[in-house]
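Trainee: For reference, this is query39.tsv, and it has TSV, C-alpha atoms and all ligand atoms.
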chain	number	residue	atom	x	y	z
A	24	MET	CA	11.53	-10.35	27.29
A	25	PRO	CA	13.34	-8.05	24.80
A	26	GLU	CA	11.41	-4.99	23.66
A	27	GLN	CA	9.57	-5.70	20.40
A	28	THR	CA	9.69	-3.25	17.54
A	29	VAL	CA	6.76	-2.19	15.35
A	30	SER	CA	7.06	0.12	12.34
A	31	VAL	CA	4.70	2.85	11.18
A	32	LEU	CA	5.37	4.36	7.76
A	33	GLY	CA	3.88	7.79	7.01
A	34	GLY	CA	4.15	10.81	9.26
A	35	GLY	CA	0.64	12.21	8.70
A	36	SER	CA	-2.02	12.42	11.37
A	37	PHE	CA	-3.12	8.80	11.20
A	38	GLY	CA	0.43	7.42	11.28
A	39	THR	CA	1.07	9.62	14.31
A	40	VAL	CA	-1.86	8.37	16.38
A	41	LEU	CA	-1.17	4.75	15.46
A	42	ALA	CA	2.48	5.11	16.48
A	43	ASN	CA	1.40	6.54	19.81
A	44	ILE	CA	-1.18	3.84	20.56
A	45	ILE	CA	1.38	1.12	19.81
A	46	ALA	CA	4.11	2.78	21.89
A	47	GLY	CA	1.60	3.17	24.72
A	48	ASN	CA	1.25	-0.62	24.65
A	49	GLY	CA	4.96	-1.03	25.40
A	50	PHE	CA	6.40	-1.54	21.92
A	51	ARG	CA	9.27	0.44	20.46
A	52	VAL	CA	7.92	2.22	17.37
A	53	ASN	CA	10.10	3.09	14.38
A	54	PHE	CA	8.16	5.94	12.80
A	55	TRP	CA	9.21	6.70	9.22
A	56	MET	CA	8.57	9.96	7.40
A	57	ARG	CA	10.23	11.53	4.36
A	58	ASN	CA	10.89	14.92	5.81
A	59	SER	CA	14.12	14.95	7.83
A	60	GLU	CA	13.31	18.29	9.42
A	61	LEU	CA	10.07	16.83	10.76
A	62	VAL	CA	12.00	13.76	12.01
A	63	GLU	CA	14.19	16.04	14.11
A	64	GLN	CA	11.18	17.93	15.46
A	65	VAL	CA	9.30	14.75	16.36
A	66	ASN	CA	12.32	13.30	18.19
A	67	ALA	CA	13.13	16.52	19.99
A	68	LEU	CA	9.61	17.62	20.92
A	69	HIS	CA	7.87	14.21	21.19
A	70	GLU	CA	5.12	15.74	19.13
A	71	ASN	CA	4.27	15.98	15.41
A	72	PRO	CA	3.95	19.76	15.09
A	73	GLN	CA	2.96	19.64	11.42
A	74	TYR	CA	0.03	17.24	11.65
A	75	LEU	CA	-1.06	17.07	15.30
A	76	PRO	CA	0.37	20.02	17.23
A	77	GLY	CA	-0.06	19.74	21.00
A	78	TYR	CA	-0.49	15.95	20.98
A	79	SER	CA	2.23	14.38	23.16
A	80	LEU	CA	4.00	11.33	21.84
A	81	ASP	CA	5.26	8.46	23.98
A	82	HIS	CA	9.06	8.37	24.28
A	83	LYS	CA	9.05	4.92	22.68
A	84	VAL	CA	8.17	6.56	19.34
A	85	HIS	CA	11.40	7.09	17.37
A	86	ALA	CA	11.13	9.01	14.10
A	87	THR	CA	13.51	8.30	11.22
A	88	ASP	CA	13.81	9.18	7.53
A	89	ASP	CA	15.64	5.92	6.78
A	90	ILE	CA	12.94	3.54	5.61
A	91	LEU	CA	15.07	0.38	5.63
A	92	ARG	CA	16.24	1.01	9.17
A	93	ALA	CA	12.65	1.73	10.12
A	94	VAL	CA	11.47	-1.75	9.11
A	95	SER	CA	14.48	-3.94	9.84
A	96	GLY	CA	13.96	-6.02	12.97
A	97	SER	CA	10.23	-5.32	12.96
A	98	ARG	CA	7.60	-8.08	12.72
A	99	THR	CA	4.71	-5.72	12.03
A	100	VAL	CA	4.68	-2.77	9.63
A	101	PHE	CA	1.77	-0.33	9.23
A	102	VAL	CA	1.71	1.71	6.02
A	103	ALA	CA	-0.12	5.06	6.25
A	104	VAL	CA	0.92	7.02	3.17
A	105	PRO	CA	-1.45	8.43	0.55
A	106	SER	CA	-2.50	5.96	-2.16
A	107	ALA	CA	-0.80	7.96	-4.91
A	108	TYR	CA	2.63	7.18	-3.38
A	109	PHE	CA	1.87	3.83	-1.78
A	110	ARG	CA	3.52	1.62	-4.43
A	111	THR	CA	6.67	3.76	-4.59
A	112	VAL	CA	7.04	3.62	-0.81
A	113	VAL	CA	6.42	-0.12	-0.35
A	114	ARG	CA	8.78	-1.01	-3.21
A	115	LYS	CA	11.58	0.40	-1.10
A	116	LEU	CA	10.91	-2.21	1.59
A	117	LYS	CA	11.91	-5.19	-0.57
A	118	PRO	CA	15.40	-5.74	0.90
A	119	ALA	CA	14.17	-5.58	4.50
A	120	VAL	CA	11.01	-7.69	4.67
A	121	SER	CA	10.47	-11.46	4.74
A	122	GLU	CA	7.68	-14.00	5.15
A	123	ASP	CA	7.79	-13.16	8.85
A	124	THR	CA	6.95	-9.48	8.32
A	125	ILE	CA	3.26	-8.64	8.61
A	126	LEU	CA	2.31	-5.69	6.38
A	127	VAL	CA	-0.84	-3.72	7.21
A	128	SER	CA	-2.27	-0.96	5.03
A	129	THR	CA	-4.28	1.84	6.61
A	130	THR	CA	-4.65	3.74	3.35
A	131	LYS	CA	-8.18	4.26	2.04
A	132	GLY	CA	-7.67	4.66	-1.68
A	133	ILE	CA	-7.55	2.97	-5.09
A	134	GLU	CA	-4.58	3.02	-7.47
A	135	ALA	CA	-5.26	5.03	-10.62
A	136	GLY	CA	-5.22	2.96	-13.79
A	137	SER	CA	-5.01	-0.50	-12.18
A	138	PHE	CA	-8.01	-0.26	-9.82
A	139	LEU	CA	-5.88	-2.04	-7.23
A	140	LEU	CA	-6.48	-1.61	-3.52
A	141	MET	CA	-3.44	-1.06	-1.31
A	142	SER	CA	-3.30	-4.62	0.05
A	143	GLN	CA	-3.24	-5.85	-3.55
A	144	ILE	CA	-0.26	-3.59	-4.21
A	145	LEU	CA	1.45	-5.06	-1.12
A	146	GLN	CA	0.80	-8.56	-2.45
A	147	GLN	CA	2.22	-7.64	-5.86
A	148	GLU	CA	5.31	-5.88	-4.59
A	149	LEU	CA	6.10	-7.99	-1.49
A	150	PRO	CA	4.36	-11.32	-2.16
A	151	GLN	CA	6.16	-13.26	0.57
A	152	SER	CA	4.71	-11.18	3.43
A	153	PRO	CA	1.27	-11.75	4.98
A	154	THR	CA	-1.02	-8.73	4.66
A	155	GLY	CA	-3.86	-7.04	6.48
A	156	VAL	CA	-5.99	-3.91	6.23
A	157	LEU	CA	-6.90	-1.58	9.06
A	158	SER	CA	-10.07	0.44	8.49
A	159	GLY	CA	-13.04	1.92	10.33
A	160	PRO	CA	-14.44	5.19	11.70
A	161	ASN	CA	-11.06	6.43	12.85
A	162	LEU	CA	-10.69	10.20	12.60
A	163	ALA	CA	-7.13	10.81	13.79
A	164	GLY	CA	-8.10	14.04	15.56
A	165	GLU	CA	-10.57	12.15	17.76
A	166	ILE	CA	-8.18	9.28	18.49
A	167	ALA	CA	-5.71	11.92	19.63
A	168	THR	CA	-8.21	13.07	22.27
A	169	ARG	CA	-8.87	9.46	23.27
A	170	SER	CA	-12.49	9.37	22.13
A	171	LEU	CA	-13.54	5.75	22.46
A	172	THR	CA	-12.94	4.29	19.00
A	173	GLY	CA	-13.51	1.00	17.18
A	174	THR	CA	-11.46	-0.23	14.26
A	175	VAL	CA	-11.31	-3.35	12.08
A	176	ILE	CA	-8.32	-5.48	11.21
A	177	ALA	CA	-9.17	-7.47	8.12
A	178	SER	CA	-7.09	-10.33	6.83
A	179	SER	CA	-7.53	-13.87	5.62
A	180	SER	CA	-4.76	-14.83	8.07
A	181	GLU	CA	-5.76	-15.41	11.68
A	182	SER	CA	-2.22	-14.78	12.88
A	183	VAL	CA	-2.24	-11.35	11.21
A	184	ARG	CA	-5.55	-10.49	12.89
A	185	GLU	CA	-4.30	-11.67	16.27
A	186	ARG	CA	-0.97	-9.87	16.02
A	187	VAL	CA	-2.60	-6.57	15.07
A	188	ARG	CA	-5.09	-6.84	17.93
A	189	GLU	CA	-2.23	-7.47	20.33
A	190	VAL	CA	-0.29	-4.45	19.09
A	191	LEU	CA	-3.18	-1.96	18.87
A	192	ARG	CA	-5.89	-2.67	21.40
A	193	SER	CA	-6.08	-0.23	24.26
A	194	ASP	CA	-8.47	1.35	26.74
A	195	TYR	CA	-9.76	3.72	24.08
A	196	PHE	CA	-9.08	1.75	20.87
A	197	ARG	CA	-11.09	-1.45	20.38
A	198	VAL	CA	-10.03	-3.76	17.55
A	199	TYR	CA	-12.61	-5.92	15.78
A	200	THR	CA	-11.73	-8.56	13.19
A	201	ASN	CA	-13.02	-9.46	9.75
A	202	ASP	CA	-11.80	-11.98	7.19
A	203	ASP	CA	-13.32	-10.13	4.20
A	204	MET	CA	-10.25	-8.01	3.55
A	205	PHE	CA	-11.44	-6.92	0.12
A	206	GLY	CA	-14.84	-5.72	1.39
A	207	VAL	CA	-13.34	-3.88	4.36
A	208	GLU	CA	-10.77	-2.15	2.19
A	209	LEU	CA	-13.24	-1.29	-0.55
A	210	GLY	CA	-15.69	0.15	2.00
A	211	GLY	CA	-13.00	2.42	3.44
A	212	SER	CA	-12.19	3.75	-0.01
A	213	LEU	CA	-15.74	4.16	-1.31
A	214	LYS	CA	-17.06	6.10	1.68
A	215	ASN	CA	-14.77	9.03	0.82
A	216	ILE	CA	-16.84	9.71	-2.31
A	217	TYR	CA	-20.00	10.04	-0.24
A	218	ALA	CA	-18.28	12.19	2.39
A	219	ILE	CA	-17.60	14.71	-0.38
A	220	ILE	CA	-21.32	14.70	-1.29
A	221	ALA	CA	-22.31	15.12	2.38
A	222	GLY	CA	-19.95	18.07	2.76
A	223	LEU	CA	-21.42	19.65	-0.34
A	224	ALA	CA	-24.98	19.21	0.96
A	225	SER	CA	-23.98	20.67	4.32
A	226	ALA	CA	-22.54	23.79	2.69
A	227	MET	CA	-25.83	24.22	0.85
A	228	GLY	CA	-27.63	24.38	4.21
A	229	MET	CA	-29.24	20.95	3.98
A	230	GLY	CA	-30.29	19.39	7.30
A	231	GLN	CA	-30.30	15.98	8.94
A	232	ASN	CA	-33.09	14.61	6.71
A	233	THR	CA	-30.81	15.10	3.76
A	234	ASN	CA	-27.77	13.71	5.54
A	235	SER	CA	-29.71	10.67	6.61
A	236	MET	CA	-31.01	9.99	3.12
A	237	LEU	CA	-27.53	10.46	1.71
A	238	ILE	CA	-25.85	8.10	4.16
A	239	THR	CA	-28.47	5.40	3.68
A	240	ARG	CA	-28.52	5.59	-0.10
A	241	SER	CA	-24.73	5.75	-0.16
A	242	LEU	CA	-24.60	2.55	1.83
A	243	THR	CA	-26.90	0.90	-0.71
A	244	GLU	CA	-24.68	2.10	-3.52
A	245	MET	CA	-21.48	0.96	-1.80
A	246	ALA	CA	-22.86	-2.51	-1.07
A	247	ARG	CA	-24.17	-2.82	-4.62
A	248	PHE	CA	-20.77	-1.94	-6.07
A	249	GLY	CA	-18.94	-4.16	-3.59
A	250	ARG	CA	-21.17	-7.14	-4.25
A	251	GLU	CA	-20.58	-6.87	-8.01
A	252	LEU	CA	-16.82	-6.84	-7.41
A	253	GLY	CA	-16.84	-9.85	-5.10
A	254	ALA	CA	-17.07	-8.36	-1.60
A	255	ASP	CA	-19.46	-9.76	1.00
A	256	PRO	CA	-22.30	-7.18	1.09
A	257	MET	CA	-22.70	-7.83	4.84
A	258	THR	CA	-19.25	-6.32	5.39
A	259	PHE	CA	-20.74	-2.93	4.54
A	260	LEU	CA	-22.94	-3.19	7.63
A	261	GLY	CA	-19.86	-3.18	9.86
A	262	LEU	CA	-17.57	-0.49	11.22
A	263	ALA	CA	-15.49	-0.30	8.06
A	264	GLY	CA	-18.64	0.19	5.98
A	265	VAL	CA	-21.57	2.04	7.50
A	266	GLY	CA	-19.47	3.04	10.57
A	267	ASP	CA	-16.89	4.90	8.56
A	268	LEU	CA	-19.56	6.24	6.21
A	269	ILE	CA	-21.44	7.84	9.12
A	270	VAL	CA	-18.41	9.51	10.64
A	271	THR	CA	-16.98	10.93	7.44
A	272	CYS	CA	-20.38	12.10	6.21
A	273	SER	CA	-20.98	13.88	9.51
A	274	SER	CA	-17.73	15.45	10.66
A	275	SER	CA	-15.83	18.45	9.44
A	276	LEU	CA	-12.69	16.70	10.74
A	277	SER	CA	-12.96	14.59	7.58
A	278	ARG	CA	-10.88	16.03	4.77
A	279	ASN	CA	-13.20	14.58	2.17
A	280	PHE	CA	-16.18	16.23	3.85
A	281	ARG	CA	-14.24	19.51	3.84
A	282	VAL	CA	-13.49	19.26	0.11
A	283	GLY	CA	-17.21	18.75	-0.50
A	284	PHE	CA	-18.04	21.67	1.76
A	285	ALA	CA	-15.74	23.93	-0.25
A	286	LEU	CA	-17.35	22.74	-3.49
A	287	GLY	CA	-20.75	23.57	-2.00
A	288	GLN	CA	-19.49	27.07	-1.29
A	289	GLY	CA	-18.88	27.43	-5.01
A	290	LYS	CA	-15.14	26.79	-5.03
A	291	SER	CA	-13.53	24.82	-7.84
A	292	LEU	CA	-12.02	21.40	-7.15
A	293	GLN	CA	-8.53	22.88	-7.51
A	294	GLU	CA	-9.33	25.59	-4.96
A	295	ALA	CA	-10.91	23.09	-2.57
A	296	VAL	CA	-7.91	20.73	-2.69
A	297	ALA	CA	-5.36	23.55	-2.41
A	298	GLU	CA	-7.18	25.01	0.59
A	299	LEU	CA	-7.14	21.61	2.32
A	300	GLY	CA	-3.38	21.14	1.93
A	301	GLN	CA	-3.72	17.41	2.73
A	302	VAL	CA	-4.87	14.38	0.81
A	303	ALA	CA	-8.60	13.81	0.24
A	304	GLU	CA	-8.54	10.31	-1.24
A	305	GLY	CA	-12.14	10.57	-2.47
A	306	VAL	CA	-11.18	12.92	-5.29
A	307	ASN	CA	-9.18	10.19	-7.04
A	308	THR	CA	-11.42	7.35	-5.84
A	309	LEU	CA	-14.42	9.01	-7.51
A	310	LYS	CA	-12.65	8.88	-10.88
A	311	GLN	CA	-11.60	5.25	-10.51
A	312	VAL	CA	-15.02	4.10	-9.29
A	313	LYS	CA	-16.98	5.97	-11.98
A	314	GLU	CA	-14.81	4.38	-14.65
A	315	LYS	CA	-15.20	0.90	-13.16
A	316	ALA	CA	-18.97	1.29	-12.66
A	317	ASP	CA	-19.36	2.36	-16.29
A	318	GLN	CA	-17.25	-0.56	-17.49
A	319	LEU	CA	-19.27	-3.09	-15.49
A	320	GLY	CA	-22.65	-1.40	-15.89
A	321	ILE	CA	-23.16	-0.88	-12.14
A	322	TYR	CA	-25.82	1.65	-11.24
A	323	MET	CA	-24.21	4.38	-9.08
A	324	PRO	CA	-26.39	7.52	-9.30
A	325	LEU	CA	-24.77	9.36	-6.39
A	326	ALA	CA	-21.19	8.76	-7.51
A	327	SER	CA	-22.14	9.56	-11.12
A	328	GLY	CA	-23.87	12.76	-10.00
A	329	LEU	CA	-20.82	13.92	-8.09
A	330	TYR	CA	-18.61	13.04	-11.04
A	331	LYS	CA	-20.77	15.25	-13.27
A	332	ILE	CA	-20.35	18.17	-10.86
A	333	VAL	CA	-16.65	17.73	-10.18
A	334	TYR	CA	-15.30	16.61	-13.53
A	335	GLU	CA	-17.90	17.59	-16.15
A	336	GLY	CA	-18.91	21.05	-14.99
A	337	TYR	CA	-22.61	20.29	-14.40
A	338	ALA	CA	-24.50	22.69	-12.11
A	339	VAL	CA	-25.22	21.25	-8.65
A	340	ASP	CA	-28.94	22.11	-8.93
A	341	GLN	CA	-29.26	20.27	-12.21
A	342	VAL	CA	-27.71	17.10	-10.76
A	343	ILE	CA	-29.83	17.26	-7.60
A	344	SER	CA	-32.99	17.68	-9.63
A	345	ALA	CA	-32.16	14.63	-11.76
A	346	LEU	CA	-31.53	12.58	-8.61
A	347	MET	CA	-34.73	13.71	-6.86
A	348	HIS	CA	-36.93	13.06	-9.90
A	349	GLY	CA	-35.38	9.71	-10.73
A	350	GLU	CA	-37.67	6.77	-11.40
A	351	GLY	CA	-39.22	4.80	-8.54
A	352	ALA	CA	-36.68	3.17	-6.27
A	353	LEU	CA	-36.66	0.38	-3.73
A	354	ASP	CA	-35.84	1.34	-0.18
A	355	VAL	CA	-34.06	-1.93	0.59
A	356	GLU	CA	-32.48	-3.79	-2.27
A	357	TYR	CA	-32.75	-7.26	-0.83
A	358	GLU	CA	-35.55	-8.05	-3.28
A	359	ALA	CA	-33.53	-6.72	-6.16
A	360	SER	CA	-30.53	-8.83	-5.31
A	361	ARG	CA	-32.71	-11.90	-4.77
A	362	SER	CA	-34.44	-11.42	-8.12
A	363	LYS	CA	-31.03	-11.10	-9.70
A	364	GLN	CA	-30.03	-14.44	-8.26
A	365	LEU	CA	-33.27	-15.99	-9.47
A	366	THR	CA	-33.38	-14.49	-12.94
A	367	GLY	CA	-29.82	-13.37	-13.69
A	368	ALA	CA	-31.23	-9.88	-14.38
A	369	SER	CA	-29.37	-6.66	-13.53
A	370	ALA	CA	-29.34	-6.04	-9.78
A	371	CYS	CA	-30.14	-2.35	-10.04
A	372	PRO	CA	-33.05	-1.49	-12.28
A	373	THR	CA	-34.27	1.29	-10.04
A	374	ASN	CA	-33.10	4.73	-9.19
A	375	SER	CA	-31.49	5.97	-5.97
U	1	LIG	N1	-6.28	11.11	9.04
U	1	LIG	C1	-7.22	10.27	9.37
U	1	LIG	O1	-8.08	10.58	10.18
U	1	LIG	C2	-7.23	8.90	8.77
U	1	LIG	C3	-6.53	8.60	7.63
U	1	LIG	N2	-6.59	7.35	7.10
U	1	LIG	C4	-5.90	7.00	5.86
U	1	LIG	O2	-4.51	6.96	6.13
U	1	LIG	C5	-3.79	7.45	5.01
U	1	LIG	C6	-2.82	8.47	5.50
U	1	LIG	O3	-3.54	9.57	5.98
U	1	LIG	P1	-2.95	10.68	6.97
U	1	LIG	O4	-2.10	10.08	8.01
U	1	LIG	O5	-4.08	11.48	7.39
U	1	LIG	O6	-1.96	11.57	6.19
U	1	LIG	P2	-1.83	12.29	4.83
U	1	LIG	O7	-2.72	11.62	3.84
U	1	LIG	O8	-2.04	13.72	5.04
U	1	LIG	O9	-0.29	12.01	4.52
U	1	LIG	C7	0.44	10.96	5.15
U	1	LIG	C8	1.92	11.13	5.11
U	1	LIG	O10	2.38	10.78	3.83
U	1	LIG	C9	3.40	11.64	3.47
U	1	LIG	N3	3.60	11.69	2.05
U	1	LIG	C10	3.04	12.54	1.17
U	1	LIG	N4	3.57	12.31	-0.04
U	1	LIG	C11	4.46	11.31	0.10
U	1	LIG	C12	5.34	10.66	-0.80
U	1	LIG	N5	5.46	11.01	-2.06
U	1	LIG	N6	6.12	9.68	-0.31
U	1	LIG	C13	6.07	9.35	0.98
U	1	LIG	N7	5.28	9.93	1.88
U	1	LIG	C14	4.48	10.91	1.43
U	1	LIG	C15	3.01	12.97	4.06
U	1	LIG	O11	4.15	13.78	4.20
U	1	LIG	C16	2.46	12.54	5.39
U	1	LIG	O12	3.52	12.42	6.31
U	1	LIG	C17	-4.82	8.02	4.01
U	1	LIG	O13	-4.95	7.16	2.93
U	1	LIG	C18	-6.12	8.05	4.78
U	1	LIG	O14	-7.19	7.67	3.98
U	1	LIG	C19	-7.27	6.36	7.71
U	1	LIG	C20	-7.97	6.61	8.85
U	1	LIG	C21	-8.03	7.89	9.44
U	2	LIG	O1	-11.02	7.79	7.01
U	2	LIG	C1	-11.11	8.65	7.84
U	2	LIG	C2	-11.83	8.45	9.12
U	2	LIG	O2	-12.22	7.14	9.29
U	2	LIG	C3	-10.52	9.99	7.57
U	2	LIG	O3	-11.29	10.60	6.63
U	2	LIG	P1	-10.68	11.78	5.74
U	2	LIG	O4	-9.58	11.16	4.91
U	2	LIG	O5	-11.82	12.27	4.95
U	2	LIG	O6	-10.13	12.79	6.68
What's the structure tokens form of this structure?
Ligand SMILES: NC(=O)C1=CN([C@@H]2O[C@H](COP(=O)(O)OP(=O)(O)OC[C@H]3O[C@@H](n4cnc5c(N)ncnc54)[C@H](O)[C@@H]3O)[C@@H](O)[C@H]2O)C=CC1
Ligand SMILES: O=C(CO)COP(=O)(O)O

Mentor:
Amino acid sequence: MPEQTVSVLGGGSFGTVLANIIAGNGFRVNFWMRNSELVEQVNALHENPQYLPGYSLDHKVHATDDILRAVSGSRTVFVAVPSAYFRTVVRKLKPAVSEDTILVSTTKGIEAGSFLLMSQILQQELPQSPTGVLSGPNLAGEIATRSLTGTVIASSSESVRERVREVLRSDYFRVYTNDDMFGVELGGSLKNIYAIIAGLASAMGMGQNTNSMLITRSLTEMARFGRELGADPMTFLGLAGVGDLIVTCSSSLSRNFRVGFALGQGKSLQEAVAELGQVAEGVNTLKQVKEKADQLGIYMPLASGLYKIVYEGYAVDQVISALMHGEGALDVEYEASRSKQLTGASACPTNS
């Protein structure tokens, strides 16, 4: 059987571990990145010294800076570039993809202005190709050390789900499936907001009680927002929802957590982002989600509180005090959602 080719676009840490898992499964991987100097280093050293120094890459990983060559002849293309550049990058693929090319986004962000998720951008720009979304508690640094990891491939197409499982599953990477692509993708984007809050709380010396409350209330808020936008709220109970929320709210490997931590140390957003030197998608996602929640009247006290701190200059203490003294709140919102169905009333009359 001839060697099959898979493409991975984006030479950051996640693109790098994905390329290596796929190559380890016997596929040739065309690994695209913009930076031609990095291409040479990756091909010569079999390592990505900028993003994952010391992590050996399979010899079936071939880096290139030619995006059309990277995708031609490939049936499956993973896109792992930051959301701010996603549309520009995928537009370039037009001449090289067809209805036989499966396109999978791994990017956990929301387009500014349009509120489109990355799979929706794929469908706009390359409507003939079937799409999927890969999401879950997948810190690249831990995948690189072969920590046992679970991920989710979400797509309405069974053949997309099956193909991605075939390409990615391995001894240390288990692939689950979900057909609620919108919910999975939204969960992956929303959790970055709450990871920033968890990082901030950690820098303030808060303990596990606080972290636990934050994660649980964040999950409520995410599911509430998702349900209003048409996601299946049950999706948030899976790996791409609560799973990813737990890991990014608990690990300093998360860039969003680290931005929050820097904010909690009293640094400005600009300082926090500059110090990170990589993309923390939650910074933009917060803006998009706050705007959407305001437009639709969705109650999001945690996201709104963070927005006040980050974008409106409120003192952290003032925001925390308002949250802690909020009006009575339900622990589990099942009753609230049921009463909404029965009465048509707002789903979220209570405070977080
Ligand atoms: N790093 C991680 O642990 C995980 C990341 N993700 C998601 O995957 C996406 C990619 O993340 P990472 O791989 O961590 O890398 P990253 O976000 O640091 O950057 C990815 C790559 O995109 C490139 N890039 C930057 N600007 C570009 C532009 N204008 N045009 C083309 N390429 C550009 C960078 O040079 C880098 O090679 C993010 O949206 C993230 O949410 C998902 C799961 C885990
Ligand atoms: O999404 C991730 C892990 O699942 C990575 O999180 P960060 O982008 O915060 O590093």

Trainee: Name all residues at most 10 Å from Gly264 (chain A) (count all atoms listed in the file; drop same-chain ones fewer than 4 positions away) and give them as a ChimeraX atom specification.

Mentor: /A:158-160,206-214,242,245-246,256-260,268-269

Trainee: Deliver the residues from the most recent selection as a file, using C-alpha atoms, as an mmCIF file, in the frame of the given file.

Mentor:
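Below is the file that was written, out-v1.cif:
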data_model
loop_
_atom_site.group_PDB
_atom_site.id
_atom_site.type_symbol
_atom_site.label_atom_id
_atom_site.label_comp_id
_atom_site.auth_asym_id
_atom_site.auth_seq_id
_atom_site.Cartn_x
_atom_site.Cartn_y
_atom_site.Cartn_z
ATOM 1 C CA SER A 158 -10.070 0.440 8.490
ATOM 2 C CA GLY A 159 -13.040 1.920 10.330
ATOM 3 C CA PRO A 160 -14.440 5.190 11.700
ATOM 4 C CA GLY A 206 -14.840 -5.720 1.390
ATOM 5 C CA VAL A 207 -13.340 -3.880 4.360
ATOM 6 C CA GLU A 208 -10.770 -2.150 2.190
ATOM 7 C CA LEU A 209 -13.240 -1.290 -0.550
ATOM 8 C CA GLY A 210 -15.690 0.150 2.000
ATOM 9 C CA GLY A 211 -13.000 2.420 3.440
ATOM 10 C CA SER A 212 -12.190 3.750 -0.010
ATOM 11 C CA LEU A 213 -15.740 4.160 -1.310
ATOM 12 C CA LYS A 214 -17.060 6.100 1.680
ATOM 13 C CA LEU A 242 -24.600 2.550 1.830
ATOM 14 C CA MET A 245 -21.480 0.960 -1.800
ATOM 15 C CA ALA A 246 -22.860 -2.510 -1.070
ATOM 16 C CA PRO A 256 -22.300 -7.180 1.090
ATOM 17 C CA MET A 257 -22.700 -7.830 4.840
ATOM 18 C CA THR A 258 -19.250 -6.320 5.390
ATOM 19 C CA PHE A 259 -20.740 -2.930 4.540
ATOM 20 C CA LEU A 260 -22.940 -3.190 7.630
ATOM 21 C CA LEU A 268 -19.560 6.240 6.210
ATOM 22 C CA ILE A 269 -21.440 7.840 9.120
#

Trainee: Identify which of the residues A:Gln143, A:Asn48, A:Thr87, A:Ser30 lies closest to Leu61 (chain A), counting all atoms listed in the file when measuring atom-to-atom distances.

Mentor: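 Closest to Leu61 (chain A) of all the choices is A:Thr87.
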
Trainee: To check your reading of the model: which residues sit at most 7 Å from ligand LIG 2 (chain U) when counting all atoms listed in the file? Write the answer as a count of residues only.

Mentor: 18

Trainee: Ligand LIG 1 (chain U): which residues are within 9 Å, counting only C-alpha atoms and all ligand atoms, as a PyMOL selection string?

Mentor: chain A and resi 32-40+55-58+73-74+102-109+111-112+128-132+157-166+211-212+215+276-278+300-305

Trainee: Could you list, as a PyMOL selection string, every residue within 9 Å of Thr239 (chain A), counting all atoms listed in the file and ignoring same-chain residues fewer than 5 positions away?

Mentor: chain A and resi 234+244+265

Trainee: With C-alpha atoms kept, could you save the residues just selected as an mmCIF file, in the frame of the given file?

Mentor:
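Written file, out_29.cif:
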data_model
loop_
_atom_site.group_PDB
_atom_site.id
_atom_site.type_symbol
_atom_site.label_atom_id
_atom_site.label_comp_id
_atom_site.auth_asym_id
_atom_site.auth_seq_id
_atom_site.Cartn_x
_atom_site.Cartn_y
_atom_site.Cartn_z
ATOM 1 C CA ASN A 234 -27.770 13.710 5.540
ATOM 2 C CA GLU A 244 -24.680 2.100 -3.520
ATOM 3 C CA VAL A 265 -21.570 2.040 7.500
#

Trainee: Using all atoms listed in the file, determine which residues lie at most 7 Å from Gly287 (chain A), disregarding the query and same-chain residues fewer than 2 positions distant; provide the list as a PyMOL selection string.

Mentor: chain A and resi 223-224+226-227+283-285+289

Trainee: Tell me which of A:Arg197, A:Lys117, A:Arg281, A:Arg186 sits closest to Ser170 (chain A), counting only C-alpha atoms.

Mentor: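 Distance minimum relative to Ser170 (chain A) lands on A:Arg197.
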
Trainee: Which residue, A:Glu189, A:Asp89, A:Glu350, A:Asp340, has the smallest gap to Ser59 (chain A) when you use only C-alpha atoms?

Mentor: A:Asp89

Trainee: What are the closest atom pairs, with distances in Å to one decimal, for each residue of region 201-246 of chain A lying within 9 Å of region 312-336 of chain A, using all atoms listed in the file, rows by chain and rising residue number, as a tab-separated table?

Mentor:
residue	atom	partner	partner_atom	distance
A:Leu213	CA	A:Val312	CA	8.0
A:Ile216	CA	A:Ala326	CA	6.8
A:Tyr217	CA	A:Ala326	CA	7.5
A:Ile219	CA	A:Leu329	CA	8.4
A:Ile220	CA	A:Leu329	CA	6.9
A:Leu237	CA	A:Leu325	CA	8.6
A:Arg240	CA	A:Leu325	CA	8.2
A:Ser241	CA	A:Leu325	CA	7.2
A:Glu244	CA	A:Met323	CA	6.0
A:Met245	CA	A:Met323	CA	8.5

Trainee: For a test of reading the model, state the distance in Å between CA of Val100 (chain A) and CA of His69 (chain A), rounded to one decimal.

Mentor: 20.8 Å

Trainee: Choose the residue, out of A:Val156, A:Leu309, A:Ala46, A:Val342, that has the smallest atom-to-atom separation from Ser193 (chain A); count only C-alpha atoms.

Mentor: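 When distances to Ser193 (chain A) are compared using only C-alpha atoms, the smallest one comes from A:Ala46.
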
Trainee: Which is closer to Val62 (chain A) than all the others in A:Val355, A:Val183, A:Ala177, A:Val84, using all atoms listed in the file?

Mentor: A:Val84

Trainee: Between CA of Ile125 (chain A) and CA of Thr174 (chain A), measure the distance and give it in Å to one decimal.

Mentor: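 Going from CA of Ile125 (chain A) over to CA of Thr174 (chain A), I get 17.9 Å.
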
Trainee: Between A:Leu116, A:Glu60, A:Ala167, A:Ser274, which residue has the minimum interatomic distance to Ser225 (chain A), considering all atoms listed in the file?

Mentor: A:Ser274

Trainee: Report, in Å with one decimal, the straight-line distance from CA of Tyr78 (chain A) to CA of Ala221 (chain A).

Mentor: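 Pair CA of Tyr78 (chain A) / CA of Ala221 (chain A) returns 28.7 Å.
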
Trainee: Give me the residues near Ile44 (chain A) as an MDAnalysis selection string, where near means some atom within 9 Å (using only C-alpha atoms) and where sequence neighbours in that chain fewer than 5 positions away do not count.

Mentor: chainID A and resid 39 81 190:193 196
